[in-house]
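Pasting query35.json here (JSON, C-alpha atoms):
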[["chain", "number", "residue", "atom", "x", "y", "z"],
["A", 81, "MET", "CA", 0.00, 0.00, 0.00],
["A", 82, "GLN", "CA", 1.68, 3.18, -1.15],
["A", 83, "MET", "CA", 0.65, 6.70, -2.02],
["A", 84, "GLY", "CA", 1.46, 8.08, -5.43],
["A", 85, "GLU", "CA", 4.51, 10.29, -5.80],
["A", 86, "GLY", "CA", 2.08, 13.20, -6.29],
["A", 87, "VAL", "CA", 1.80, 13.65, -2.51],
["A", 88, "GLU", "CA", 5.50, 14.44, -2.18],
["A", 89, "TRP", "CA", 5.34, 16.78, -5.17],
["A", 90, "ALA", "CA", 2.23, 18.56, -3.89],
["A", 91, "LEU", "CA", 3.62, 19.06, -0.38],
["A", 92, "HIS", "CA", 6.90, 20.52, -1.64],
["A", 93, "SER", "CA", 5.10, 22.71, -4.19],
["A", 94, "CYS", "CA", 2.79, 24.07, -1.48],
["A", 95, "LEU", "CA", 5.84, 24.87, 0.64],
["A", 96, "ASN", "CA", 7.38, 26.74, -2.29],
["A", 97, "LEU", "CA", 4.14, 28.64, -2.79],
["A", 98, "ALA", "CA", 4.26, 29.58, 0.90],
["A", 99, "TRP", "CA", 7.70, 31.08, 0.30],
["A", 100, "ALA", "CA", 6.55, 32.77, -2.91],
["A", 101, "GLU", "CA", 4.10, 34.62, -0.68],
["A", 102, "HIS", "CA", 1.38, 36.21, -2.78],
["A", 103, "GLN", "CA", 3.16, 35.84, -6.12],
["A", 104, "ALA", "CA", 1.41, 33.54, -8.59],
["A", 105, "VAL", "CA", 3.78, 30.82, -9.87],
["A", 106, "THR", "CA", 3.24, 28.80, -13.02],
["A", 107, "ALA", "CA", 3.10, 24.99, -12.98],
["A", 108, "ARG", "CA", 6.12, 25.10, -15.27],
["A", 109, "LYS", "CA", 8.20, 26.98, -12.73],
["A", 110, "LEU", "CA", 7.05, 24.80, -9.85],
["A", 111, "ALA", "CA", 8.00, 21.74, -11.89],
["A", 112, "ALA", "CA", 11.39, 23.19, -12.88],
["A", 113, "PHE", "CA", 12.15, 23.68, -9.18],
["A", 114, "TYR", "CA", 12.72, 19.94, -8.79],
["A", 115, "ASP", "CA", 13.06, 18.99, -12.45],
["A", 116, "LEU", "CA", 9.61, 17.31, -12.43],
["A", 117, "PRO", "CA", 7.42, 16.66, -15.51],
["A", 118, "PRO", "CA", 5.21, 19.81, -15.73],
["A", 119, "ALA", "CA", 2.12, 18.07, -17.14],
["A", 120, "TYR", "CA", 2.01, 15.57, -14.30],
["A", 121, "LEU", "CA", 2.66, 18.20, -11.63],
["A", 122, "ASN", "CA", -0.09, 20.29, -13.21],
["A", 123, "ARG", "CA", -2.53, 17.45, -12.51],
["A", 124, "GLN", "CA", -1.62, 17.54, -8.82],
["A", 125, "LEU", "CA", -2.00, 21.33, -8.78],
["A", 126, "GLN", "CA", -5.46, 21.03, -10.33],
["A", 127, "ALA", "CA", -6.41, 18.55, -7.60],
["A", 128, "LEU", "CA", -5.13, 21.02, -4.97],
["A", 129, "ALA", "CA", -7.20, 23.76, -6.64],
["A", 130, "ARG", "CA", -10.36, 21.62, -6.54],
["A", 131, "ALA", "CA", -9.74, 21.09, -2.82],
["A", 132, "GLY", "CA", -9.42, 24.85, -2.24],
["A", 133, "ILE", "CA", -5.77, 24.61, -1.19],
["A", 134, "VAL", "CA", -4.37, 26.59, -4.12],
["A", 135, "ALA", "CA", -6.04, 29.09, -6.45],
["A", 136, "SER", "CA", -5.11, 29.63, -10.06],
["A", 137, "THR", "CA", -5.29, 32.78, -12.08],
["A", 138, "SER", "CA", -4.83, 33.04, -15.83],
["A", 139, "GLY", "CA", -3.15, 35.70, -17.93],
["A", 140, "PRO", "CA", 0.51, 36.69, -18.47],
["A", 141, "ARG", "CA", 1.17, 37.04, -14.71],
["A", 142, "GLY", "CA", -1.08, 34.12, -13.83],
["A", 143, "GLY", "CA", -0.28, 30.89, -12.07],
["A", 144, "PHE", "CA", -0.88, 29.23, -8.72],
["A", 145, "ARG", "CA", -0.77, 30.62, -5.21],
["A", 146, "LEU", "CA", -1.96, 29.29, -1.87],
["A", 147, "ALA", "CA", -5.68, 29.87, -1.44],
["A", 148, "ARG", "CA", -5.36, 30.15, 2.33],
["A", 149, "ALA", "CA", -2.69, 30.80, 4.95],
["A", 150, "PRO", "CA", -0.12, 28.01, 5.52],
["A", 151, "GLU", "CA", -1.44, 27.84, 9.10],
["A", 152, "GLU", "CA", -4.79, 26.77, 7.63],
["A", 153, "ILE", "CA", -3.46, 23.97, 5.42],
["A", 154, "THR", "CA", -2.85, 20.62, 7.13],
["A", 155, "LEU", "CA", -0.93, 17.68, 5.75],
["A", 156, "LEU", "CA", -4.22, 15.78, 5.82],
["A", 157, "ASP", "CA", -5.79, 18.40, 3.51],
["A", 158, "VAL", "CA", -3.04, 17.83, 0.94],
["A", 159, "VAL", "CA", -3.06, 14.02, 1.23],
["A", 160, "VAL", "CA", -6.86, 13.87, 0.83],
["A", 161, "ALA", "CA", -6.73, 16.32, -2.12],
["A", 162, "ILE", "CA", -4.25, 14.10, -3.96],
["A", 163, "GLU", "CA", -5.15, 10.58, -2.81],
["A", 164, "GLY", "CA", -8.85, 10.96, -2.05],
["A", 165, "GLY", "CA", -10.57, 10.53, 1.26],
["A", 166, "ARG", "CA", -11.24, 6.80, 1.29],
["A", 167, "GLU", "CA", -9.91, 4.69, 4.15],
["A", 168, "ALA", "CA", -6.79, 2.69, 3.42],
["A", 169, "PHE", "CA", -8.34, -0.49, 4.83],
["A", 170, "ARG", "CA", -10.82, -1.94, 2.41],
["A", 171, "CYS", "CA", -13.75, -3.65, 4.16],
["A", 172, "GLN", "CA", -15.78, -5.56, 1.62],
["A", 173, "GLN", "CA", -18.10, -6.89, 4.30],
["A", 174, "ILE", "CA", -17.20, -10.54, 3.81],
["A", 175, "MET", "CA", -19.03, -11.24, 7.09],
["A", 176, "ARG", "CA", -22.26, -10.98, 5.10],
["A", 177, "ASP", "CA", -21.37, -14.35, 3.57],
["A", 178, "GLY", "CA", -20.25, -15.88, 6.88],
["A", 179, "PRO", "CA", -22.36, -17.87, 9.36],
["A", 180, "GLY", "CA", -25.16, -15.66, 10.70],
["A", 181, "GLY", "CA", -24.23, -12.93, 8.21],
["A", 182, "ARG", "CA", -26.99, -10.44, 7.45],
["A", 183, "SER", "CA", -27.49, -8.40, 4.32],
["A", 184, "ASP", "CA", -29.15, -5.55, 6.27],
["A", 185, "VAL", "CA", -26.14, -4.92, 8.52],
["A", 186, "ASP", "CA", -23.41, -2.47, 7.46],
["A", 187, "TYR", "CA", -20.34, -4.43, 8.56],
["A", 188, "ARG", "CA", -18.06, -1.53, 7.67],
["A", 189, "ARG", "CA", -19.44, -0.01, 10.87],
["A", 190, "HIS", "CA", -20.24, -3.11, 12.93],
["A", 191, "CYS", "CA", -17.46, -5.59, 12.21],
["A", 192, "LEU", "CA", -14.89, -5.44, 15.00],
["A", 193, "VAL", "CA", -12.02, -6.13, 12.58],
["A", 194, "SER", "CA", -13.12, -3.13, 10.54],
["A", 195, "GLN", "CA", -13.42, -1.01, 13.70],
["A", 196, "ALA", "CA", -9.92, -1.97, 14.85],
["A", 197, "MET", "CA", -8.49, -1.00, 11.46],
["A", 198, "SER", "CA", -10.42, 2.28, 11.55],
["A", 199, "ARG", "CA", -8.92, 3.17, 14.92],
["A", 200, "ALA", "CA", -5.45, 2.94, 13.39],
["A", 201, "GLU", "CA", -6.53, 4.98, 10.37],
["A", 202, "LEU", "CA", -7.90, 7.62, 12.71],
["A", 203, "ALA", "CA", -4.57, 7.84, 14.55],
["A", 204, "TRP", "CA", -2.86, 8.40, 11.20],
["A", 205, "ARG", "CA", -5.32, 11.08, 10.10],
["A", 206, "ARG", "CA", -5.22, 12.80, 13.45],
["A", 207, "GLU", "CA", -1.44, 13.08, 13.21],
["A", 208, "LEU", "CA", -1.63, 14.39, 9.64],
["A", 209, "ALA", "CA", -4.31, 16.89, 10.65],
["A", 210, "ALA", "CA", -2.19, 18.11, 13.58],
["A", 211, "GLN", "CA", 0.62, 19.26, 11.29],
["A", 212, "THR", "CA", 0.23, 22.33, 9.09],
["A", 213, "LEU", "CA", 2.21, 23.65, 6.17],
["A", 214, "ALA", "CA", 3.23, 26.53, 8.47],
["A", 215, "ASP", "CA", 4.71, 24.03, 10.97],
["A", 216, "ILE", "CA", 6.85, 22.47, 8.26],
["A", 217, "ARG", "CA", 7.82, 25.85, 6.82],
["A", 218, "ASP", "CA", 8.88, 27.06, 10.27],
["A", 219, "SER", "CA", 10.90, 23.94, 11.04],
["A", 220, "VAL", "CA", 12.66, 24.17, 7.64],
["A", 221, "GLU", "CA", 13.48, 27.85, 8.23],
["A", 222, "GLU", "CA", 14.82, 27.09, 11.68],
["A", 223, "LYS", "CA", 17.20, 24.49, 10.27],
["A", 224, "HIS", "CA", 17.95, 26.27, 6.99],
["A", 225, "PRO", "CA", 17.44, 30.04, 7.43],
["A", 226, "ASP", "CA", 18.32, 30.68, 3.77],
["A", 227, "ALA", "CA", 15.62, 28.31, 2.43],
["A", 228, "PRO", "CA", 13.01, 31.03, 1.70],
["A", 229, "ARG", "CA", 15.54, 33.16, -0.18],
["A", 230, "MET", "CA", 16.83, 30.17, -2.16],
["A", 231, "ALA", "CA", 13.27, 29.17, -3.03],
["A", 232, "ARG", "CA", 12.34, 32.67, -4.19],
["A", 233, "ASN", "CA", 15.53, 32.91, -6.27],
["A", 234, "ARG", "CA", 14.81, 29.62, -8.01],
["A", 235, "LEU", "CA", 11.18, 30.60, -8.63],
["A", 236, "ALA", "CA", 12.35, 33.95, -10.09],
["A", 237, "GLN", "CA", 14.45, 32.18, -12.73],
["A", 238, "PRO", "CA", 12.77, 31.56, -16.09],
["A", 239, "ALA", "CA", 11.65, 27.92, -16.36],
["A", 240, "ARG", "CA", 13.59, 25.98, -18.96],
["B", 241, "MET", "CA", -4.19, 4.77, -1.44],
["B", 242, "GLN", "CA", -5.88, 1.54, -0.45],
["B", 243, "MET", "CA", -4.84, -1.84, 0.82],
["B", 244, "GLY", "CA", -5.76, -4.93, -1.09],
["B", 245, "GLU", "CA", -8.80, -6.91, 0.00],
["B", 246, "GLY", "CA", -6.35, -9.59, 1.20],
["B", 247, "VAL", "CA", -5.90, -7.78, 4.52],
["B", 248, "GLU", "CA", -9.58, -8.19, 5.39],
["B", 249, "TRP", "CA", -9.50, -11.84, 4.32],
["B", 250, "ALA", "CA", -6.33, -12.57, 6.27],
["B", 251, "LEU", "CA", -7.56, -10.92, 9.47],
["B", 252, "HIS", "CA", -10.87, -12.81, 9.42],
["B", 253, "SER", "CA", -9.15, -16.10, 8.55],
["B", 254, "CYS", "CA", -6.70, -15.65, 11.45],
["B", 255, "LEU", "CA", -9.65, -15.03, 13.75],
["B", 256, "ASN", "CA", -11.29, -18.25, 12.54],
["B", 257, "LEU", "CA", -8.03, -20.12, 13.08],
["B", 258, "ALA", "CA", -8.00, -18.74, 16.65],
["B", 259, "TRP", "CA", -11.43, -20.28, 17.17],
["B", 260, "ALA", "CA", -10.39, -23.52, 15.48],
["B", 261, "GLU", "CA", -7.83, -23.77, 18.27],
["B", 262, "HIS", "CA", -5.17, -26.31, 17.36],
["B", 263, "GLN", "CA", -7.08, -27.94, 14.51],
["B", 264, "ALA", "CA", -5.47, -27.51, 11.09],
["B", 265, "VAL", "CA", -7.92, -26.00, 8.58],
["B", 266, "THR", "CA", -7.54, -26.19, 4.80],
["B", 267, "ALA", "CA", -7.45, -23.07, 2.63],
["B", 268, "ARG", "CA", -10.57, -24.45, 0.95],
["B", 269, "LYS", "CA", -12.52, -24.48, 4.21],
["B", 270, "LEU", "CA", -11.28, -21.05, 5.24],
["B", 271, "ALA", "CA", -12.36, -19.73, 1.84],
["B", 272, "ALA", "CA", -15.77, -21.46, 2.02],
["B", 273, "PHE", "CA", -16.36, -19.69, 5.34],
["B", 274, "TYR", "CA", -16.98, -16.41, 3.51],
["B", 275, "ASP", "CA", -17.46, -17.77, 0.01],
["B", 276, "LEU", "CA", -14.05, -16.43, -1.11],
["B", 277, "PRO", "CA", -11.99, -17.69, -4.06],
["B", 278, "PRO", "CA", -9.76, -20.42, -2.53],
["B", 279, "ALA", "CA", -6.75, -19.85, -4.82],
["B", 280, "TYR", "CA", -6.57, -16.18, -3.95],
["B", 281, "LEU", "CA", -7.07, -16.76, -0.22],
["B", 282, "ASN", "CA", -4.35, -19.41, -0.41],
["B", 283, "ARG", "CA", -1.92, -16.71, -1.59],
["B", 284, "GLN", "CA", -2.70, -14.64, 1.50],
["B", 285, "LEU", "CA", -2.26, -17.72, 3.72],
["B", 286, "GLN", "CA", 1.13, -18.42, 2.13],
["B", 287, "ALA", "CA", 2.15, -14.82, 2.89],
["B", 288, "LEU", "CA", 1.02, -15.29, 6.51],
["B", 289, "ALA", "CA", 3.06, -18.51, 6.66],
["B", 290, "ARG", "CA", 6.18, -16.74, 5.33],
["B", 291, "ALA", "CA", 5.72, -14.16, 8.09],
["B", 292, "GLY", "CA", 5.47, -16.87, 10.76],
["B", 293, "ILE", "CA", 1.86, -16.03, 11.63],
["B", 294, "VAL", "CA", 0.38, -19.33, 10.46],
["B", 295, "ALA", "CA", 2.00, -22.73, 9.94],
["B", 296, "SER", "CA", 0.93, -25.24, 7.35],
["B", 297, "THR", "CA", 1.08, -29.01, 7.52],
["B", 298, "SER", "CA", 0.48, -31.35, 4.62],
["B", 299, "GLY", "CA", -1.25, -34.71, 4.50],
["B", 300, "PRO", "CA", -4.89, -35.81, 4.82],
["B", 301, "ARG", "CA", -5.40, -33.92, 8.10],
["B", 302, "GLY", "CA", -3.19, -31.04, 7.03],
["B", 303, "GLY", "CA", -3.97, -27.37, 6.66],
["B", 304, "PHE", "CA", -3.25, -24.10, 8.40],
["B", 305, "ARG", "CA", -3.19, -23.21, 12.06],
["B", 306, "LEU", "CA", -1.90, -20.19, 13.94],
["B", 307, "ALA", "CA", 1.85, -20.47, 14.50],
["B", 308, "ARG", "CA", 1.69, -18.50, 17.74],
["B", 309, "ALA", "CA", -0.85, -17.47, 20.35],
["B", 310, "PRO", "CA", -3.44, -14.84, 19.30],
["B", 311, "GLU", "CA", -1.98, -12.64, 22.06],
["B", 312, "GLU", "CA", 1.29, -12.66, 20.09],
["B", 313, "ILE", "CA", -0.17, -11.64, 16.73],
["B", 314, "THR", "CA", -0.77, -7.93, 16.20],
["B", 315, "LEU", "CA", -2.78, -6.30, 13.46],
["B", 316, "LEU", "CA", 0.48, -4.76, 12.27],
["B", 317, "ASP", "CA", 1.99, -8.25, 11.84],
["B", 318, "VAL", "CA", -0.88, -9.23, 9.56],
["B", 319, "VAL", "CA", -0.89, -5.96, 7.58],
["B", 320, "VAL", "CA", 2.88, -6.13, 6.99],
["B", 321, "ALA", "CA", 2.67, -9.82, 6.03],
["B", 322, "ILE", "CA", 0.08, -9.05, 3.34],
["B", 323, "GLU", "CA", 0.97, -5.52, 2.21],
["B", 324, "GLY", "CA", 4.71, -5.45, 2.87],
["B", 325, "GLY", "CA", 6.57, -3.21, 5.26],
["B", 326, "ARG", "CA", 7.20, -0.16, 3.08],
["B", 327, "GLU", "CA", 5.96, 3.22, 4.25],
["B", 328, "ALA", "CA", 2.77, 4.49, 2.63],
["B", 329, "PHE", "CA", 4.34, 7.87, 1.87],
["B", 330, "ARG", "CA", 6.70, 7.61, -1.05],
["B", 331, "CYS", "CA", 9.68, 9.96, -0.73],
["B", 332, "GLN", "CA", 11.58, 10.03, -3.98],
["B", 333, "GLN", "CA", 14.00, 12.64, -2.66],
["B", 334, "ILE", "CA", 13.03, 15.33, -5.14],
["B", 335, "MET", "CA", 15.00, 17.78, -2.97],
["B", 336, "ARG", "CA", 18.15, 16.37, -4.57],
["B", 337, "ASP", "CA", 17.15, 18.24, -7.73],
["B", 338, "GLY", "CA", 16.13, 21.41, -5.88],
["B", 339, "PRO", "CA", 18.34, 24.43, -5.09],
["B", 340, "GLY", "CA", 21.21, 23.39, -2.83],
["B", 341, "GLY", "CA", 20.21, 19.73, -3.26],
["B", 342, "ARG", "CA", 22.99, 17.23, -2.54],
["B", 343, "SER", "CA", 23.37, 13.75, -3.91],
["B", 344, "ASP", "CA", 25.15, 12.54, -0.76],
["B", 345, "VAL", "CA", 22.23, 13.35, 1.56],
["B", 346, "ASP", "CA", 19.48, 10.79, 2.24],
["B", 347, "TYR", "CA", 16.44, 13.07, 2.13],
["B", 348, "ARG", "CA", 14.16, 10.21, 3.18],
["B", 349, "ARG", "CA", 15.70, 10.82, 6.61],
["B", 350, "HIS", "CA", 16.55, 14.52, 6.45],
["B", 351, "CYS", "CA", 13.70, 16.16, 4.53],
["B", 352, "LEU", "CA", 11.24, 17.70, 7.00],
["B", 353, "VAL", "CA", 8.27, 16.88, 4.76],
["B", 354, "SER", "CA", 9.33, 13.25, 4.81],
["B", 355, "GLN", "CA", 9.77, 13.35, 8.58],
["B", 356, "ALA", "CA", 6.31, 14.85, 9.10],
["B", 357, "MET", "CA", 4.76, 12.12, 6.95],
["B", 358, "SER", "CA", 6.73, 9.48, 8.87],
["B", 359, "ARG", "CA", 5.39, 10.72, 12.18],
["B", 360, "ALA", "CA", 1.85, 10.07, 10.95],
["B", 361, "GLU", "CA", 2.83, 6.65, 9.62],
["B", 362, "LEU", "CA", 4.34, 5.84, 13.00],
["B", 363, "ALA", "CA", 1.09, 6.76, 14.77],
["B", 364, "TRP", "CA", -0.77, 4.37, 12.44],
["B", 365, "ARG", "CA", 1.70, 1.55, 12.98],
["B", 366, "ARG", "CA", 1.76, 2.09, 16.71],
["B", 367, "GLU", "CA", -2.03, 1.77, 16.84],
["B", 368, "LEU", "CA", -1.98, -1.38, 14.68],
["B", 369, "ALA", "CA", 0.78, -2.86, 16.86],
["B", 370, "ALA", "CA", -1.20, -2.14, 20.03],
["B", 371, "GLN", "CA", -4.08, -4.38, 18.95],
["B", 372, "THR", "CA", -3.74, -8.14, 18.93],
["B", 373, "LEU", "CA", -5.81, -10.89, 17.40],
["B", 374, "ALA", "CA", -6.71, -11.88, 20.98],
["B", 375, "ASP", "CA", -8.11, -8.39, 21.62],
["B", 376, "ILE", "CA", -10.39, -8.65, 18.60],
["B", 377, "ARG", "CA", -11.36, -12.24, 19.44],
["B", 378, "ASP", "CA", -12.27, -11.21, 22.99],
["B", 379, "SER", "CA", -14.30, -8.20, 21.88],
["B", 380, "VAL", "CA", -16.19, -10.33, 19.33],
["B", 381, "GLU", "CA", -16.93, -12.97, 21.98],
["B", 382, "GLU", "CA", -18.15, -10.34, 24.40],
["B", 383, "LYS", "CA", -20.61, -9.00, 21.84],
["B", 384, "HIS", "CA", -21.48, -12.36, 20.24],
["B", 385, "PRO", "CA", -20.87, -15.17, 22.75],
["B", 386, "ASP", "CA", -21.90, -17.80, 20.18],
["B", 387, "ALA", "CA", -19.30, -16.66, 17.60],
["B", 388, "PRO", "CA", -16.68, -19.35, 18.49],
["B", 389, "ARG", "CA", -19.26, -22.15, 18.31],
["B", 390, "MET", "CA", -20.65, -20.85, 15.01],
["B", 391, "ALA", "CA", -17.14, -20.58, 13.57],
["B", 392, "ARG", "CA", -16.22, -24.12, 14.64],
["B", 393, "ASN", "CA", -19.49, -25.48, 13.21],
["B", 394, "ARG", "CA", -18.88, -23.82, 9.86],
["B", 395, "LEU", "CA", -15.27, -25.04, 9.77],
["B", 396, "ALA", "CA", -16.44, -28.59, 10.58],
["B", 397, "GLN", "CA", -18.67, -28.66, 7.49],
["B", 398, "PRO", "CA", -17.16, -30.11, 4.33],
["B", 399, "ALA", "CA", -16.09, -27.33, 1.93],
["B", 400, "ARG", "CA", -18.15, -27.19, -1.25]]
Represent the structure contained in this file as structure tokens.
Amino acid sequence: MQMGEGVEWALHSCLNLAWAEHQAVTARKLAAFYDLPPAYLNRQLQALARAGIVASTSGPRGGFRLARAPEEITLLDVVVAIEGGREAFRCQQIMRDGPGGRSDVDYRRHCLVSQAMSRAELAWRRELAAQTLADIRDSVEEKHPDAPRMARNRLAQPAR
Amino acid sequence: MQMGEGVEWALHSCLNLAWAEHQAVTARKLAAFYDLPPAYLNRQLQALARAGIVASTSGPRGGFRLARAPEEITLLDVVVAIEGGREAFRCQQIMRDGPGGRSDVDYRRHCLVSQAMSRAELAWRRELAAQTLADIRDSVEEKHPDAPRMARNRLAQPAR
């Protein structure tokens, strides 16, 4: 069970948009930052836009910027935007076909195996929801004070 | 990001093996329990055997049984046996290609995005590791005291 690489790309791109402050940045420039394929990164950015995490503007100075403050964007927001909100554990209610199984019971809610797996999923989501983009930005800046300047410099360069 | 359906099948089959006590049960009978495809369930059982969760014996009375006490089998053991032990978040170290990126740094350990995602993964694993097959068995028996008897009855029937 693995996420797509889009989660890594989206998180780093959001961080770069946090450093770009209110400047709109094109998908091309965000992709050039890490030498990523622009068309594929653009798909992740569109997913972030649908989730209200980034906003896009068109025109010669258009591009993407964060749609809300980095303090208001959690890691869970980004993961759900890219990977969808479904639980990782897939309960197909096999108990319906077991002894005493009933077709009118929703085993996704009543099966104790399913509940145990959901508890773990909840712990994961809670931890993702407790960490914001601002937390990561601040911890990066504490360790690498020149990170914002380096990011802005790279974003100011014309994309190849 | 979703697990395969094998995790659900494996967890329920382990629970049935806990109720079967020290009787060996064939893959065919375990599959018939929930009307699952025996060949595919057999693949999950082989994975559980490789992980030391179940043991198989051959011969006319052969089959699968738990290789250790249900108290010694955690949900994490079963998930890792079926899905593998890799982290869900895929860090491809894109920072290597970013400004100041270094090829001699392992960003899976040093990137703060990667670390934040790992913290959430750890919370998930910790919760899965805190729950054993015995915990689930006990909570099922508390809610449905006839579950062990029903399971043994079904397992005693010849598989179709």
Using all atoms listed in the file, which protein or nucleic acid residues come within 7 Å of segment 194-197 of chain A? Drop anything in the same chain fewer than 6 positions from it, and give the result as a PDB file with C-alpha atoms, in the coordinates of the input.
ATOM      1  CA  PHE A 169      -8.340  -0.490   4.830  1.00  0.00           C
ATOM      2  CA  CYS A 171     -13.750  -3.650   4.160  1.00  0.00           C
ATOM      3  CA  ARG A 188     -18.060  -1.530   7.670  1.00  0.00           C
TER       4      ARG A 188
END
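Note that atom CA of Asn256 of chain B and atom CA of Ala391 of chain B are 6.4 Å apart.
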What's around Cys94 of chain A at 9 Å? Count only C-alpha atoms, leave out sequence neighbours fewer than 2 positions away in its own chain, and write the answer as a compact mmCIF listing (two decimals) with C-alpha atoms, keeping the file's coordinate frame.
# COMPACT_ATOMS: atom_id res chain seq x y z
CA TRP A 89 5.34 16.78 -5.17
CA ALA A 90 2.23 18.56 -3.89
CA LEU A 91 3.62 19.06 -0.38
CA HIS A 92 6.90 20.52 -1.64
CA ASN A 96 7.38 26.74 -2.29
CA LEU A 97 4.14 28.64 -2.79
CA ALA A 98 4.26 29.58 0.90
CA TRP A 99 7.70 31.08 0.30
CA ILE A 133 -5.77 24.61 -1.19
CA VAL A 134 -4.37 26.59 -4.12
CA ARG A 145 -0.77 30.62 -5.21
CA LEU A 146 -1.96 29.29 -1.87
CA PRO A 150 -0.12 28.01 5.52
CA VAL A 158 -3.04 17.83 0.94
CA LEU A 213 2.21 23.65 6.17
Worksheet entry | Neighbours of chain A in chain B at 7 Å, counting only C-alpha atoms, as a ChimeraX atom specification | /B:241-245,248,273-275,323,327-331,334-335,337-339,352-353,360-361,363-364,367-368,376,380,390,394
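Picture a line from atom CA of His350 of chain B to atom CA of Ser93 of chain A; it runs 17.6 Å.
Contact shell of Ala135 of chain A at 6 Å (all atoms listed in the file; same-chain neighbours under 6 positions omitted): Ala129, Phe144, Arg145 and Ala147 of chain A.
Between atom CA of Ser138 of chain A and atom CA of Gln124 of chain A there is a distance of 17.3 Å.
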